[in-house]
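The structure under discussion appears below in the form of structure tokens.
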Amino acid sequence: MRTPLALGRSARGFSMPAEWEPHEATWLAWPHHARDWPGKLPAIGWVYGEIVRKLVPGEKVRILVPSATVQRQALRVLGSAGVDMRQVEFYRIATDRGWLRDAGPWFLRRWAGAKSRLVVADFHFNAWARYANWRKDRKLARQVARRLGLPLVDARWRGRPVVLEGGGVDVNGLGTLLTTEQWCLDPAVQVRNPGFDRQDYEGLFRRYLGATNVLWLGRGIAGDDTHGHVDDICRFVNPRTVVVCQCDDPADPNYGPLQENAARLQDMRLEDGSRPQMVPLPMPGPLFWRNERLPASYANFYIANTVVLVPTFNDPADRKALGILSELFPDRTVVGIHAVDLVLGLGTLHCLTHEQPAY
């Protein structure tokens, strides 16, 4: 019988751990880009304080800060929030913004026989092929690899640099990967890798992420400036189970795409040929800022060693979503984090965090 780790390896020996596997640390970048949260930046600092306070009992938190001034601001907030600072490490590394799921380092395993070592993959972040401020964020992978003394893997396919973002994929650690056609294959909007087709993406997912089985969903949710990230619509919660977002209002623009994604999943198979277990996850009611739809979703949760952090939106569905996830994570405490202000930046908890595996 093959081990779970062997199932997730690629021919070149790379694999991406599932998020629930043991972490050494969670990485964050302290908020400093005021345009992400217009008029709300001080309040966002307190949300980060609560995030860190919930994480540190179970793992280290490594925080990127661009300057001594921002580090002092972070220390004041964390001290007032009662954070155990013995579990917090600061790294003076400049960032354009703070969405480390996408801009930050990807920690992969590289296998040699039955042994593996941690490496950092550089997937050439370009601000979602949408924004101009990416040059500092583009350097994050190599800077973190150097600071940690880890090998750096320059991700390329067909001789070209590969652009991927962490929010665009989700894995079960055994070889199956979730993604969307909208994010990878739309030929006209936010094209990360011009000329790449489905076979190209499946090949690079196999090479770098150890994904031998790709489950292609359709579209993401309204308001998502990433153009279809899967971490707002469908997530693995264990090797055989996914939560899939569902919308109850036929008039909502999310209704049709989410119905289609659920229908696709019913016909899909995991790496061993079995059907994934599907658990519906509600959507909060629509949130807007200055007539702009915001990408509020309970699927943007983050799985840490001892807790699961779930965005909440002062919505009647908050309690239902927390209850569903609590049943699915019996070995962790499921905690709601107020995200009404956070989602003004067009992302929430999963978008802000990036896990560093323990091995």
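The way I read the labels, and the way they are meant: chains A, B, ... in the order of the structure tokens, residue 1 as the first residue of every chain, and ligand 1 as the first ligand shown, with later ones counted on from there.
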Practice item. Would you kindly return, as a list in words, each protein, DNA or RNA residue with an atom no farther than 10 Å from any atom of A:Phe205, considering only C-alpha atoms and excluding same-chain residues fewer than 4 positions away? Key: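 Everything that qualifies: Ser10, Phe14, Ser15, Met16, Leu164, Val169, Gly175, Thr176, Leu177, Gln199, Asp200, Tyr201, Leu209, Gly210, Ala211, Thr212, Asn213 and Val214 of chain A.
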Those residues you just picked out, can you put them in a file as a short mmCIF file (atom, residue, chain, number, x, y, z; two decimals), in the first residue's frame with C-alpha atoms?
```cif
data_model
loop_
_atom_site.label_atom_id
_atom_site.label_comp_id
_atom_site.auth_asym_id
_atom_site.auth_seq_id
_atom_site.Cartn_x
_atom_site.Cartn_y
_atom_site.Cartn_z
CA SER A 10 5.42 14.14 -8.97
CA PHE A 14 7.80 17.93 -5.61
CA SER A 15 4.57 17.94 -3.65
CA MET A 16 2.38 20.56 -1.97
CA LEU A 164 0.51 31.05 -10.12
CA VAL A 169 -5.51 26.01 -6.01
CA GLY A 175 -2.51 14.06 -5.43
CA THR A 176 -5.85 15.80 -6.08
CA LEU A 177 -6.03 19.53 -6.78
CA GLN A 199 -2.72 20.38 -20.58
CA ASP A 200 -0.03 22.93 -19.72
CA TYR A 201 -1.60 23.67 -16.35
CA LEU A 209 2.58 20.52 -6.76
CA GLY A 210 2.51 16.74 -7.10
CA ALA A 211 -1.05 16.86 -8.46
CA THR A 212 -1.84 13.76 -10.49
CA ASN A 213 -5.58 14.49 -10.53
CA VAL A 214 -7.02 17.96 -11.30
#
```
**Study point:** Picked from stretch 172-249 of chain A by DSSP as strand (DSSP E or B), as a list of chain:residue names
**Key:** A:Thr176, A:Leu177, A:Leu178, A:Thr179, A:Thr180, A:Asn213, A:Val214, A:Leu215, A:Trp216, A:Leu217, A:Cys234, A:Arg235, A:Phe236, A:Val237, A:Asn238, A:Thr241, A:Val242, A:Val243, A:Val244, A:Cys245, A:Gln246
Selected residues written out with N, CA and C atoms, as a CSV table (one decimal), in the first residue's frame:
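Output below, filename out15.csv:
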```csv
chain,number,residue,atom,x,y,z
A,176,THR,N,-4.7,15.1,-5.4
A,176,THR,CA,-5.9,15.8,-6.1
A,176,THR,C,-5.8,17.3,-5.8
A,177,LEU,N,-6.1,18.1,-6.8
A,177,LEU,CA,-6.0,19.5,-6.8
A,177,LEU,C,-7.3,20.1,-7.3
A,178,LEU,N,-7.8,21.1,-6.7
A,178,LEU,CA,-9.0,21.9,-7.1
A,178,LEU,C,-8.5,23.2,-7.7
A,179,THR,N,-9.1,23.6,-8.9
A,179,THR,CA,-8.9,24.9,-9.4
A,179,THR,C,-10.1,25.3,-10.3
A,180,THR,N,-10.0,26.4,-11.0
A,180,THR,CA,-11.1,26.9,-11.8
A,180,THR,C,-10.6,27.2,-13.2
A,213,ASN,N,-4.1,14.5,-10.3
A,213,ASN,CA,-5.6,14.5,-10.5
A,213,ASN,C,-6.1,15.9,-10.3
A,214,VAL,N,-6.5,16.6,-11.4
A,214,VAL,CA,-7.0,18.0,-11.3
A,214,VAL,C,-8.5,18.0,-11.5
A,215,LEU,N,-9.2,18.6,-10.5
A,215,LEU,CA,-10.7,18.8,-10.6
A,215,LEU,C,-10.9,20.2,-11.0
A,216,TRP,N,-11.5,20.4,-12.2
A,216,TRP,CA,-11.7,21.7,-12.8
A,216,TRP,C,-13.1,22.2,-12.5
A,217,LEU,N,-13.2,23.2,-11.7
A,217,LEU,CA,-14.5,23.9,-11.5
A,217,LEU,C,-14.6,25.0,-12.6
A,234,CYS,N,-14.7,26.6,-3.0
A,234,CYS,CA,-14.6,25.2,-2.7
A,234,CYS,C,-13.3,24.9,-2.1
A,235,ARG,N,-13.3,24.1,-1.0
A,235,ARG,CA,-12.1,23.8,-0.2
A,235,ARG,C,-12.1,22.4,0.3
A,236,PHE,N,-10.9,21.7,0.2
A,236,PHE,CA,-10.8,20.5,1.0
A,236,PHE,C,-10.7,20.7,2.5
A,237,VAL,N,-11.4,19.9,3.2
A,237,VAL,CA,-11.3,20.0,4.7
A,237,VAL,C,-10.7,18.7,5.3
A,238,ASN,N,-10.5,17.7,4.4
A,238,ASN,CA,-9.8,16.5,4.7
A,238,ASN,C,-9.5,15.8,3.4
A,241,THR,N,-13.0,15.0,1.6
A,241,THR,CA,-14.2,15.9,1.8
A,241,THR,C,-13.9,17.3,1.3
A,242,VAL,N,-14.9,17.9,0.6
A,242,VAL,CA,-14.8,19.3,0.2
A,242,VAL,C,-16.1,20.0,0.7
A,243,VAL,N,-15.9,21.3,1.1
A,243,VAL,CA,-17.0,22.2,1.3
A,243,VAL,C,-17.2,22.9,0.0
A,244,VAL,N,-18.4,23.1,-0.4
A,244,VAL,CA,-18.7,23.8,-1.7
A,244,VAL,C,-19.8,24.8,-1.4
A,245,CYS,N,-19.4,26.1,-1.8
A,245,CYS,CA,-20.4,27.2,-1.5
A,245,CYS,C,-21.6,27.1,-2.3
A,246,GLN,N,-22.7,27.4,-1.7
A,246,GLN,CA,-24.0,27.4,-2.4
A,246,GLN,C,-24.8,28.7,-2.1
```
Practice item. Within 9 Å of A:Val70, counting only C-alpha atoms, which residues show up once you throw out same-chain ones fewer than 3 positions away? Write them as an MDAnalysis selection string, please. Key: chainID A and resid 30:32 65:67 73:75
Take the selection from the previous step and output its residues with N, CA and C atoms, as a CSV table (one decimal), in the first residue's frame.
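Just written: out_14.csv:
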```csv
chain,number,residue,atom,x,y,z
A,30,TRP,N,2.3,42.6,7.9
A,30,TRP,CA,1.5,43.5,8.6
A,30,TRP,C,0.9,44.6,7.7
A,31,PRO,N,-0.4,44.9,7.9
A,31,PRO,CA,-1.1,45.8,6.9
A,31,PRO,C,-0.5,47.2,6.9
A,32,HIS,N,-0.2,47.7,5.7
A,32,HIS,CA,0.4,49.1,5.6
A,32,HIS,C,0.0,49.8,4.4
A,65,VAL,N,7.4,43.0,7.9
A,65,VAL,CA,7.2,44.5,8.1
A,65,VAL,C,8.1,45.2,7.2
A,66,PRO,N,7.7,46.3,6.6
A,66,PRO,CA,8.6,47.1,5.7
A,66,PRO,C,9.5,48.0,6.3
A,67,SER,N,9.3,48.3,7.6
A,67,SER,CA,10.1,49.4,8.3
A,67,SER,C,10.0,49.2,9.8
A,73,GLN,N,4.3,49.8,15.3
A,73,GLN,CA,2.8,49.8,15.3
A,73,GLN,C,2.3,48.4,15.6
A,74,ALA,N,2.9,47.4,14.9
A,74,ALA,CA,2.5,46.0,15.1
A,74,ALA,C,2.7,45.6,16.6
A,75,LEU,N,3.8,45.9,17.2
A,75,LEU,CA,4.1,45.6,18.5
A,75,LEU,C,3.1,46.2,19.5
```
For A:Leu309, list every protein, DNA or RNA residue within 9 Å, evaluated using only C-alpha atoms, and leave out those in the same chain fewer than 4 positions away; present the list as an mmCIF file with N, CA and C atoms, in the first residue's frame.
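selection19.cif, written as the output of this step:
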```cif
data_model
loop_
_atom_site.group_PDB
_atom_site.id
_atom_site.type_symbol
_atom_site.label_atom_id
_atom_site.label_comp_id
_atom_site.auth_asym_id
_atom_site.auth_seq_id
_atom_site.Cartn_x
_atom_site.Cartn_y
_atom_site.Cartn_z
ATOM 1 N N ILE A 51 -6.139 37.823 14.819
ATOM 2 C CA ILE A 51 -5.665 36.662 14.058
ATOM 3 C C ILE A 51 -4.425 36.065 14.720
ATOM 4 N N LYS A 54 -5.028 34.265 18.073
ATOM 5 C CA LYS A 54 -5.627 32.938 17.955
ATOM 6 C C LYS A 54 -4.636 31.902 17.416
ATOM 7 N N LEU A 55 -3.652 32.343 16.648
ATOM 8 C CA LEU A 55 -2.702 31.403 16.040
ATOM 9 C C LEU A 55 -1.582 30.971 16.975
ATOM 10 N N ASN A 300 -13.220 31.182 2.615
ATOM 11 C CA ASN A 300 -11.896 31.772 2.729
ATOM 12 C C ASN A 300 -11.332 31.593 4.142
ATOM 13 N N PHE A 301 -11.597 30.439 4.739
ATOM 14 C CA PHE A 301 -11.077 30.121 6.068
ATOM 15 C C PHE A 301 -9.626 29.673 5.976
ATOM 16 N N TYR A 302 -8.948 29.672 7.129
ATOM 17 C CA TYR A 302 -7.550 29.255 7.202
ATOM 18 C C TYR A 302 -7.408 28.156 8.247
ATOM 19 N N ILE A 303 -6.779 27.044 7.857
ATOM 20 C CA ILE A 303 -6.591 25.895 8.736
ATOM 21 C C ILE A 303 -5.207 25.980 9.372
ATOM 22 N N ALA A 304 -5.141 26.201 10.673
ATOM 23 C CA ALA A 304 -3.876 26.241 11.403
ATOM 24 C C ALA A 304 -3.753 24.975 12.252
ATOM 25 N N THR A 333 -10.266 24.038 17.125
ATOM 26 C CA THR A 333 -11.280 25.007 17.530
ATOM 27 C C THR A 333 -11.590 25.907 16.344
ATOM 28 N N VAL A 334 -12.838 25.997 15.975
ATOM 29 C CA VAL A 334 -13.254 26.860 14.868
ATOM 30 C C VAL A 334 -13.637 28.224 15.436
ATOM 31 N N VAL A 335 -12.971 29.266 14.944
ATOM 32 C CA VAL A 335 -13.091 30.613 15.507
ATOM 33 C C VAL A 335 -13.524 31.582 14.411
ATOM 34 N N GLY A 336 -14.550 32.358 14.670
ATOM 35 C CA GLY A 336 -14.942 33.407 13.744
ATOM 36 C C GLY A 336 -14.122 34.667 13.945
ATOM 37 N N ILE A 337 -13.672 35.248 12.850
ATOM 38 C CA ILE A 337 -12.935 36.518 12.857
ATOM 39 C C ILE A 337 -13.755 37.539 12.072
ATOM 40 N N LEU A 349 -9.265 35.927 5.248
ATOM 41 C CA LEU A 349 -8.263 35.246 6.066
ATOM 42 C C LEU A 349 -7.331 34.339 5.270
ATOM 43 N N HIS A 350 -7.876 33.543 4.374
ATOM 44 C CA HIS A 350 -7.008 32.668 3.593
ATOM 45 C C HIS A 350 -6.103 33.476 2.678
#
```
**Study point:** Atom pair atom CA of A:Ala132 / atom CA of A:Thr26: separation (Å)
**Key:**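 Atom CA of A:Ala132 sits 26.8 Å away from atom CA of A:Thr26.
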Check your understanding: Restricting the calculation to only C-alpha atoms, which member of A:Arg219, A:His338, A:His227, A:Arg290 is positioned closest to A:Gln259?
Key ->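 Ranking A:Arg219, A:His338, A:His227, A:Arg290 by distance to A:Gln259, first place goes to A:Arg219.
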**Study point:** Counting only C-alpha atoms, the residue of A:Arg332, A:Arg109, A:Arg158, A:His229 that sits nearest A:Ala358
**Key:** A:Arg109
